[in-house]
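Trainee: Input coords.pdb, format and content: PDB, N, CA and C atoms.
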```
ATOM      1  N   MET N  17      10.392   3.033  10.264
ATOM      2  CA  MET N  17      10.944   3.237   8.937
ATOM      3  C   MET N  17      10.953   1.938   8.145
ATOM      4  N   VAL N  18      11.312   0.828   8.783
ATOM      5  CA  VAL N  18      11.338  -0.456   8.096
ATOM      6  C   VAL N  18       9.934  -0.841   7.663
ATOM      7  N   LEU N  19       8.940  -0.587   8.526
ATOM      8  CA  LEU N  19       7.562  -0.904   8.186
ATOM      9  C   LEU N  19       7.100  -0.076   6.999
ATOM     10  N   SER N  20       7.461   1.188   6.949
ATOM     11  CA  SER N  20       7.059   2.046   5.836
ATOM     12  C   SER N  20       7.647   1.549   4.522
ATOM     13  N   ILE N  21       8.918   1.198   4.535
ATOM     14  CA  ILE N  21       9.550   0.714   3.312
ATOM     15  C   ILE N  21       8.943  -0.626   2.914
ATOM     16  N   SER N  22       8.693  -1.488   3.876
ATOM     17  CA  SER N  22       8.093  -2.780   3.573
ATOM     18  C   SER N  22       6.676  -2.609   3.035
ATOM     19  N   GLY N  23       5.916  -1.694   3.610
ATOM     20  CA  GLY N  23       4.560  -1.443   3.137
ATOM     21  C   GLY N  23       4.553  -0.888   1.734
ATOM     22  N   VAL N  24       5.458   0.043   1.461
ATOM     23  CA  VAL N  24       5.547   0.620   0.122
ATOM     24  C   VAL N  24       5.947  -0.467  -0.871
ATOM     25  N   LEU N  25       6.892  -1.295  -0.506
ATOM     26  CA  LEU N  25       7.318  -2.381  -1.383
ATOM     27  C   LEU N  25       6.181  -3.369  -1.621
ATOM     28  N   LEU N  26       5.481  -3.751  -0.571
ATOM     29  CA  LEU N  26       4.368  -4.689  -0.689
ATOM     30  C   LEU N  26       3.277  -4.138  -1.592
ATOM     31  N   PHE N  27       2.845  -2.901  -1.333
ATOM     32  CA  PHE N  27       1.788  -2.328  -2.152
ATOM     33  C   PHE N  27       2.258  -2.055  -3.572
ATOM     34  N   GLY N  28       3.524  -1.750  -3.739
ATOM     35  CA  GLY N  28       4.071  -1.587  -5.082
ATOM     36  C   GLY N  28       4.017  -2.887  -5.874
ATOM     37  N   ILE N  29       4.344  -3.978  -5.211
ATOM     38  CA  ILE N  29       4.275  -5.291  -5.866
ATOM     39  C   ILE N  29       2.836  -5.643  -6.212
ATOM     40  N   ILE N  30       1.897  -5.356  -5.301
ATOM     41  CA  ILE N  30       0.490  -5.634  -5.565
ATOM     42  C   ILE N  30      -0.014  -4.832  -6.755
ATOM     43  N   VAL N  31       0.338  -3.547  -6.813
ATOM     44  CA  VAL N  31      -0.075  -2.714  -7.948
ATOM     45  C   VAL N  31       0.547  -3.245  -9.239
ATOM     46  N   PHE N  32       1.814  -3.655  -9.191
ATOM     47  CA  PHE N  32       2.467  -4.212 -10.369
ATOM     48  C   PHE N  32       1.757  -5.482 -10.836
ATOM     49  N   LEU N  33       1.386  -6.363  -9.890
ATOM     50  CA  LEU N  33       0.683  -7.586 -10.262
ATOM     51  C   LEU N  33      -0.687  -7.280 -10.857
ATOM     52  N   PHE N  34      -1.391  -6.317 -10.284
ATOM     53  CA  PHE N  34      -2.668  -5.907 -10.866
ATOM     54  C   PHE N  34      -2.466  -5.376 -12.276
ATOM     55  N   PHE N  35      -1.402  -4.629 -12.464
ATOM     56  CA  PHE N  35      -1.107  -4.058 -13.776
ATOM     57  C   PHE N  35      -0.838  -5.159 -14.794
ATOM     58  N   ARG N  36      -0.070  -6.174 -14.383
ATOM     59  CA  ARG N  36       0.308  -7.237 -15.318
ATOM     60  C   ARG N  36      -0.775  -8.289 -15.504
ATOM     61  N   LYS N  37      -1.453  -8.692 -14.447
ATOM     62  CA  LYS N  37      -2.377  -9.832 -14.498
ATOM     63  C   LYS N  37      -3.830  -9.413 -14.728
ATOM     64  N   ASP N  38      -4.279  -8.368 -14.039
ATOM     65  CA  ASP N  38      -5.701  -8.036 -14.045
ATOM     66  C   ASP N  38      -6.047  -6.853 -14.936
ATOM     67  N   GLY N  39      -5.128  -6.383 -15.711
ATOM     68  CA  GLY N  39      -5.432  -5.315 -16.647
ATOM     69  C   GLY N  39      -5.575  -3.940 -16.023
ATOM     70  N   LEU N  40      -4.850  -3.664 -14.952
ATOM     71  CA  LEU N  40      -4.870  -2.331 -14.354
ATOM     72  C   LEU N  40      -4.191  -1.370 -15.313
ATOM     73  N   LYS N  41      -4.898  -0.346 -15.680
ATOM     74  CA  LYS N  41      -4.336   0.633 -16.607
ATOM     75  C   LYS N  41      -3.359   1.541 -15.860
ATOM     76  N   PRO N  42      -2.351   2.054 -16.555
ATOM     77  CA  PRO N  42      -1.402   2.960 -15.899
ATOM     78  C   PRO N  42      -2.087   4.180 -15.276
ATOM     79  N   SER N  43      -3.127   4.658 -15.896
ATOM     80  CA  SER N  43      -3.836   5.807 -15.324
ATOM     81  C   SER N  43      -4.491   5.443 -13.992
ATOM     82  N   HIS N  44      -4.989   4.212 -13.867
ATOM     83  CA  HIS N  44      -5.570   3.770 -12.605
ATOM     84  C   HIS N  44      -4.497   3.674 -11.518
ATOM     85  N   ALA N  45      -3.320   3.183 -11.887
ATOM     86  CA  ALA N  45      -2.216   3.082 -10.929
ATOM     87  C   ALA N  45      -1.802   4.468 -10.445
ATOM     88  N   VAL N  46      -1.777   5.446 -11.346
ATOM     89  CA  VAL N  46      -1.424   6.815 -10.958
ATOM     90  C   VAL N  46      -2.474   7.380 -10.015
ATOM     91  N   VAL N  47      -3.743   7.150 -10.322
ATOM     92  CA  VAL N  47      -4.818   7.652  -9.457
ATOM     93  C   VAL N  47      -4.736   7.005  -8.080
ATOM     94  N   CYS N  48      -4.470   5.699  -8.022
ATOM     95  CA  CYS N  48      -4.332   5.019  -6.728
ATOM     96  C   CYS N  48      -3.153   5.585  -5.934
ATOM     97  N   SER N  49      -2.054   5.838  -6.608
ATOM     98  CA  SER N  49      -0.883   6.398  -5.938
ATOM     99  C   SER N  49      -1.155   7.803  -5.413
ATOM    100  N   LEU N  50      -1.782   8.626  -6.236
ATOM    101  CA  LEU N  50      -2.104   9.987  -5.799
ATOM    102  C   LEU N  50      -3.101   9.976  -4.646
ATOM    103  N   PHE N  51      -4.078   9.063  -4.702
ATOM    104  CA  PHE N  51      -5.038   8.955  -3.610
ATOM    105  C   PHE N  51      -4.333   8.614  -2.304
ATOM    106  N   GLY N  52      -3.427   7.638  -2.335
ATOM    107  CA  GLY N  52      -2.685   7.268  -1.136
ATOM    108  C   GLY N  52      -1.802   8.395  -0.632
ATOM    109  N   PHE N  53      -1.178   9.105  -1.560
ATOM    110  CA  PHE N  53      -0.308  10.216  -1.192
ATOM    111  C   PHE N  53      -1.106  11.320  -0.491
ATOM    112  N   TYR N  54      -2.228  11.695  -1.068
ATOM    113  CA  TYR N  54      -3.031  12.755  -0.472
ATOM    114  C   TYR N  54      -3.764  12.284   0.788
ATOM    115  N   LEU N  55      -4.141  11.018   0.844
ATOM    116  CA  LEU N  55      -4.788  10.484   2.039
ATOM    117  C   LEU N  55      -3.834  10.508   3.227
ATOM    118  N   ALA N  56      -2.561  10.267   2.987
ATOM    119  CA  ALA N  56      -1.568  10.278   4.057
ATOM    120  C   ALA N  56      -1.418  11.663   4.679
ATOM    121  N   GLY N  57      -1.715  12.707   3.907
ATOM    122  CA  GLY N  57      -1.580  14.068   4.410
ATOM    123  C   GLY N  57      -2.805  14.584   5.151
ATOM    124  N   THR N  58      -3.872  13.775   5.219
ATOM    125  CA  THR N  58      -5.079  14.208   5.917
ATOM    126  C   THR N  58      -4.987  13.860   7.390
ATOM    127  N   THR N  59      -6.009  14.219   8.130
ATOM    128  CA  THR N  59      -6.028  13.936   9.571
ATOM    129  C   THR N  59      -6.182  12.453   9.866
ATOM    130  N   ILE N  60      -6.648  11.668   8.910
ATOM    131  CA  ILE N  60      -6.798  10.232   9.127
ATOM    132  C   ILE N  60      -5.490   9.478   8.851
ATOM    133  N   GLY N  61      -4.510  10.140   8.246
ATOM    134  CA  GLY N  61      -3.229   9.513   7.915
ATOM    135  C   GLY N  61      -2.537   8.861   9.107
ATOM    136  N   PRO N  62      -2.393   9.564  10.240
ATOM    137  CA  PRO N  62      -1.754   8.917  11.398
ATOM    138  C   PRO N  62      -2.527   7.707  11.925
ATOM    139  N   SER N  63      -3.852   7.747  11.823
ATOM    140  CA  SER N  63      -4.651   6.594  12.260
ATOM    141  C   SER N  63      -4.409   5.388  11.366
ATOM    142  N   ILE N  64      -4.315   5.621  10.067
ATOM    143  CA  ILE N  64      -4.027   4.534   9.133
ATOM    144  C   ILE N  64      -2.633   3.976   9.409
ATOM    145  N   HIS N  65      -1.683   4.854   9.665
ATOM    146  CA  HIS N  65      -0.312   4.411   9.971
ATOM    147  C   HIS N  65      -0.287   3.596  11.258
ATOM    148  N   ALA N  66      -1.010   4.056  12.279
ATOM    149  CA  ALA N  66      -1.058   3.326  13.549
ATOM    150  C   ALA N  66      -1.729   1.967  13.371
ATOM    151  N   GLY N  67      -2.770   1.901  12.552
ATOM    152  CA  GLY N  67      -3.430   0.619  12.285
ATOM    153  C   GLY N  67      -2.512  -0.338  11.561
ATOM    154  N   GLY N  68      -1.745   0.163  10.607
ATOM    155  CA  GLY N  68      -0.777  -0.682   9.903
ATOM    156  C   GLY N  68       0.311  -1.183  10.834
ATOM    157  N   ALA N  69       0.786  -0.316  11.724
ATOM    158  CA  ALA N  69       1.811  -0.727  12.689
ATOM    159  C   ALA N  69       1.256  -1.766  13.659
ATOM    160  N   SER N  70       0.009  -1.579  14.068
ATOM    161  CA  SER N  70      -0.628  -2.545  14.968
ATOM    162  C   SER N  70      -0.783  -3.901  14.302
ATOM    163  N   LEU N  71      -1.189  -3.891  13.035
ATOM    164  CA  LEU N  71      -1.321  -5.147  12.291
ATOM    165  C   LEU N  71       0.038  -5.821  12.120
ATOM    166  N   ALA N  72       1.083  -5.048  11.860
ATOM    167  CA  ALA N  72       2.420  -5.602  11.720
ATOM    168  C   ALA N  72       2.891  -6.222  13.024
ATOM    169  N   ASN N  73       2.599  -5.560  14.150
ATOM    170  CA  ASN N  73       2.964  -6.133  15.450
ATOM    171  C   ASN N  73       2.194  -7.400  15.738
ATOM    172  N   LEU N  74       0.913  -7.420  15.357
ATOM    173  CA  LEU N  74       0.109  -8.622  15.562
ATOM    174  C   LEU N  74       0.656  -9.775  14.744
ATOM    175  N   LEU N  75       0.937  -9.531  13.472
ATOM    176  CA  LEU N  75       1.462 -10.597  12.614
ATOM    177  C   LEU N  75       2.876 -10.995  13.023
ATOM    178  N   GLY N  76       3.657 -10.040  13.520
ATOM    179  CA  GLY N  76       5.008 -10.357  13.978
ATOM    180  C   GLY N  76       5.023 -11.178  15.257
ATOM    181  N   GLY N  77       3.947 -11.101  16.039
ATOM    182  CA  GLY N  77       3.889 -11.838  17.292
ATOM    183  C   GLY N  77       3.378 -13.261  17.140
ATOM    184  N   ILE N  78       2.931 -13.624  15.957
ATOM    185  CA  ILE N  78       2.422 -14.972  15.737
ATOM    186  C   ILE N  78       3.608 -15.911  15.568
ATOM    187  N   SER N  79       3.612 -16.943  16.377
ATOM    188  CA  SER N  79       4.683 -17.957  16.254
ATOM    189  C   SER N  79       4.064 -19.258  15.751
ATOM    190  N   LEU N  80       4.714 -19.829  14.803
ATOM    191  CA  LEU N  80       4.191 -21.060  14.197
ATOM    192  C   LEU N  80       4.806 -22.273  14.809
TER     193      LEU N  80
END
```
Before anything else, please render the file you have as C-alpha cells.
Mentor:
Amino acid sequence: MVLSISGVLLFGIIVFLFFRKDGLKPSHAVVCSLFGFYLAGTTIGPSIHAGGASLANLLGGISL
C-alpha cells in the first residue's frame, strides 16, 4: 500500500512537472491517466506491479 501511494505521488509530480515545464496539455495528462488506469486492469497489470515492487526493493536495499 505504501508503495502504491508513493508511486502515485511520484508519477503525479512528474506529470505536474511536465505540465508546467514541458508544455504537457491537460488533454495529454488525462489520456496518460486513463491509459494507466485501463492498463492496470489488464492481464499485464500484476506483472507491472510486481516489477515496480521489485525495483523498489532493489533501490531500498542499496546502502550508501
Trainee: Show me, as lines of an AutoDock Vina configuration file, the centre and edge lengths in Å to one decimal of the axis-aligned box that covers every listed atom of range 42-51 of chain N with 8 Å on each side.
Mentor:
```
center_x = -3.2
center_y = 6.0
center_z = -9.4
size_x = 20.7
size_y = 23.9
size_z = 30.3
```
Trainee: DSSP on the backbone: which residues in chain N end up as helix (DSSP H, G or I)? Give the answer as a CSV table (one decimal) with N, CA and C atoms, in the frame of the given file.
Mentor:
```
chain,number,residue,atom,x,y,z
N,18,VAL,N,11.3,0.8,8.8
N,18,VAL,CA,11.3,-0.5,8.1
N,18,VAL,C,9.9,-0.8,7.7
N,19,LEU,N,8.9,-0.6,8.5
N,19,LEU,CA,7.6,-0.9,8.2
N,19,LEU,C,7.1,-0.1,7.0
N,20,SER,N,7.5,1.2,6.9
N,20,SER,CA,7.1,2.0,5.8
N,20,SER,C,7.6,1.5,4.5
N,21,ILE,N,8.9,1.2,4.5
N,21,ILE,CA,9.6,0.7,3.3
N,21,ILE,C,8.9,-0.6,2.9
N,22,SER,N,8.7,-1.5,3.9
N,22,SER,CA,8.1,-2.8,3.6
N,22,SER,C,6.7,-2.6,3.0
N,23,GLY,N,5.9,-1.7,3.6
N,23,GLY,CA,4.6,-1.4,3.1
N,23,GLY,C,4.6,-0.9,1.7
N,24,VAL,N,5.5,0.0,1.5
N,24,VAL,CA,5.5,0.6,0.1
N,24,VAL,C,5.9,-0.5,-0.9
N,25,LEU,N,6.9,-1.3,-0.5
N,25,LEU,CA,7.3,-2.4,-1.4
N,25,LEU,C,6.2,-3.4,-1.6
N,26,LEU,N,5.5,-3.8,-0.6
N,26,LEU,CA,4.4,-4.7,-0.7
N,26,LEU,C,3.3,-4.1,-1.6
N,27,PHE,N,2.8,-2.9,-1.3
N,27,PHE,CA,1.8,-2.3,-2.2
N,27,PHE,C,2.3,-2.1,-3.6
N,28,GLY,N,3.5,-1.8,-3.7
N,28,GLY,CA,4.1,-1.6,-5.1
N,28,GLY,C,4.0,-2.9,-5.9
N,29,ILE,N,4.3,-4.0,-5.2
N,29,ILE,CA,4.3,-5.3,-5.9
N,29,ILE,C,2.8,-5.6,-6.2
N,30,ILE,N,1.9,-5.4,-5.3
N,30,ILE,CA,0.5,-5.6,-5.6
N,30,ILE,C,0.0,-4.8,-6.8
N,31,VAL,N,0.3,-3.5,-6.8
N,31,VAL,CA,-0.1,-2.7,-7.9
N,31,VAL,C,0.5,-3.2,-9.2
N,32,PHE,N,1.8,-3.7,-9.2
N,32,PHE,CA,2.5,-4.2,-10.4
N,32,PHE,C,1.8,-5.5,-10.8
N,33,LEU,N,1.4,-6.4,-9.9
N,33,LEU,CA,0.7,-7.6,-10.3
N,33,LEU,C,-0.7,-7.3,-10.9
N,34,PHE,N,-1.4,-6.3,-10.3
N,34,PHE,CA,-2.7,-5.9,-10.9
N,34,PHE,C,-2.5,-5.4,-12.3
N,35,PHE,N,-1.4,-4.6,-12.5
N,35,PHE,CA,-1.1,-4.1,-13.8
N,35,PHE,C,-0.8,-5.2,-14.8
N,36,ARG,N,-0.1,-6.2,-14.4
N,36,ARG,CA,0.3,-7.2,-15.3
N,36,ARG,C,-0.8,-8.3,-15.5
N,37,LYS,N,-1.5,-8.7,-14.4
N,37,LYS,CA,-2.4,-9.8,-14.5
N,37,LYS,C,-3.8,-9.4,-14.7
N,42,PRO,N,-2.4,2.1,-16.6
N,42,PRO,CA,-1.4,3.0,-15.9
N,42,PRO,C,-2.1,4.2,-15.3
N,43,SER,N,-3.1,4.7,-15.9
N,43,SER,CA,-3.8,5.8,-15.3
N,43,SER,C,-4.5,5.4,-14.0
N,44,HIS,N,-5.0,4.2,-13.9
N,44,HIS,CA,-5.6,3.8,-12.6
N,44,HIS,C,-4.5,3.7,-11.5
N,45,ALA,N,-3.3,3.2,-11.9
N,45,ALA,CA,-2.2,3.1,-10.9
N,45,ALA,C,-1.8,4.5,-10.4
N,46,VAL,N,-1.8,5.4,-11.3
N,46,VAL,CA,-1.4,6.8,-11.0
N,46,VAL,C,-2.5,7.4,-10.0
N,47,VAL,N,-3.7,7.2,-10.3
N,47,VAL,CA,-4.8,7.7,-9.5
N,47,VAL,C,-4.7,7.0,-8.1
N,48,CYS,N,-4.5,5.7,-8.0
N,48,CYS,CA,-4.3,5.0,-6.7
N,48,CYS,C,-3.2,5.6,-5.9
N,49,SER,N,-2.1,5.8,-6.6
N,49,SER,CA,-0.9,6.4,-5.9
N,49,SER,C,-1.2,7.8,-5.4
N,50,LEU,N,-1.8,8.6,-6.2
N,50,LEU,CA,-2.1,10.0,-5.8
N,50,LEU,C,-3.1,10.0,-4.6
N,51,PHE,N,-4.1,9.1,-4.7
N,51,PHE,CA,-5.0,9.0,-3.6
N,51,PHE,C,-4.3,8.6,-2.3
N,52,GLY,N,-3.4,7.6,-2.3
N,52,GLY,CA,-2.7,7.3,-1.1
N,52,GLY,C,-1.8,8.4,-0.6
N,53,PHE,N,-1.2,9.1,-1.6
N,53,PHE,CA,-0.3,10.2,-1.2
N,53,PHE,C,-1.1,11.3,-0.5
N,54,TYR,N,-2.2,11.7,-1.1
N,54,TYR,CA,-3.0,12.8,-0.5
N,54,TYR,C,-3.8,12.3,0.8
N,55,LEU,N,-4.1,11.0,0.8
N,55,LEU,CA,-4.8,10.5,2.0
N,55,LEU,C,-3.8,10.5,3.2
N,56,ALA,N,-2.6,10.3,3.0
N,56,ALA,CA,-1.6,10.3,4.1
N,56,ALA,C,-1.4,11.7,4.7
N,61,GLY,N,-4.5,10.1,8.2
N,61,GLY,CA,-3.2,9.5,7.9
N,61,GLY,C,-2.5,8.9,9.1
N,62,PRO,N,-2.4,9.6,10.2
N,62,PRO,CA,-1.8,8.9,11.4
N,62,PRO,C,-2.5,7.7,11.9
N,63,SER,N,-3.9,7.7,11.8
N,63,SER,CA,-4.7,6.6,12.3
N,63,SER,C,-4.4,5.4,11.4
N,64,ILE,N,-4.3,5.6,10.1
N,64,ILE,CA,-4.0,4.5,9.1
N,64,ILE,C,-2.6,4.0,9.4
N,65,HIS,N,-1.7,4.9,9.7
N,65,HIS,CA,-0.3,4.4,10.0
N,65,HIS,C,-0.3,3.6,11.3
N,66,ALA,N,-1.0,4.1,12.3
N,66,ALA,CA,-1.1,3.3,13.5
N,66,ALA,C,-1.7,2.0,13.4
N,67,GLY,N,-2.8,1.9,12.6
N,67,GLY,CA,-3.4,0.6,12.3
N,67,GLY,C,-2.5,-0.3,11.6
N,68,GLY,N,-1.7,0.2,10.6
N,68,GLY,CA,-0.8,-0.7,9.9
N,68,GLY,C,0.3,-1.2,10.8
N,69,ALA,N,0.8,-0.3,11.7
N,69,ALA,CA,1.8,-0.7,12.7
N,69,ALA,C,1.3,-1.8,13.7
N,70,SER,N,0.0,-1.6,14.1
N,70,SER,CA,-0.6,-2.5,15.0
N,70,SER,C,-0.8,-3.9,14.3
N,71,LEU,N,-1.2,-3.9,13.0
N,71,LEU,CA,-1.3,-5.1,12.3
N,71,LEU,C,0.0,-5.8,12.1
N,72,ALA,N,1.1,-5.0,11.9
N,72,ALA,CA,2.4,-5.6,11.7
N,72,ALA,C,2.9,-6.2,13.0
N,73,ASN,N,2.6,-5.6,14.2
N,73,ASN,CA,3.0,-6.1,15.4
N,73,ASN,C,2.2,-7.4,15.7
N,74,LEU,N,0.9,-7.4,15.4
N,74,LEU,CA,0.1,-8.6,15.6
N,74,LEU,C,0.7,-9.8,14.7
N,75,LEU,N,0.9,-9.5,13.5
N,75,LEU,CA,1.5,-10.6,12.6
N,75,LEU,C,2.9,-11.0,13.0
N,76,GLY,N,3.7,-10.0,13.5
N,76,GLY,CA,5.0,-10.4,14.0
N,76,GLY,C,5.0,-11.2,15.3
```
Trainee: As an exercise, work out the distance from atom C of Arg36 in chain N to atom N of Leu55 in chain N in Å and give it to one decimal place.
Mentor: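 Between atom C of Arg36 in chain N and atom N of Leu55 in chain N the gap is 25.5 Å.
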Trainee: So what do you get for atom N of Gly57 in chain N versus atom N of Ile30 in chain N, distance-wise?
Mentor: 20.6 Å
Trainee: Report, in Å with one decimal, the straight-line distance from atom N of Gly52 in chain N to atom N of Leu71 in chain N.
Mentor: 19.3 Å
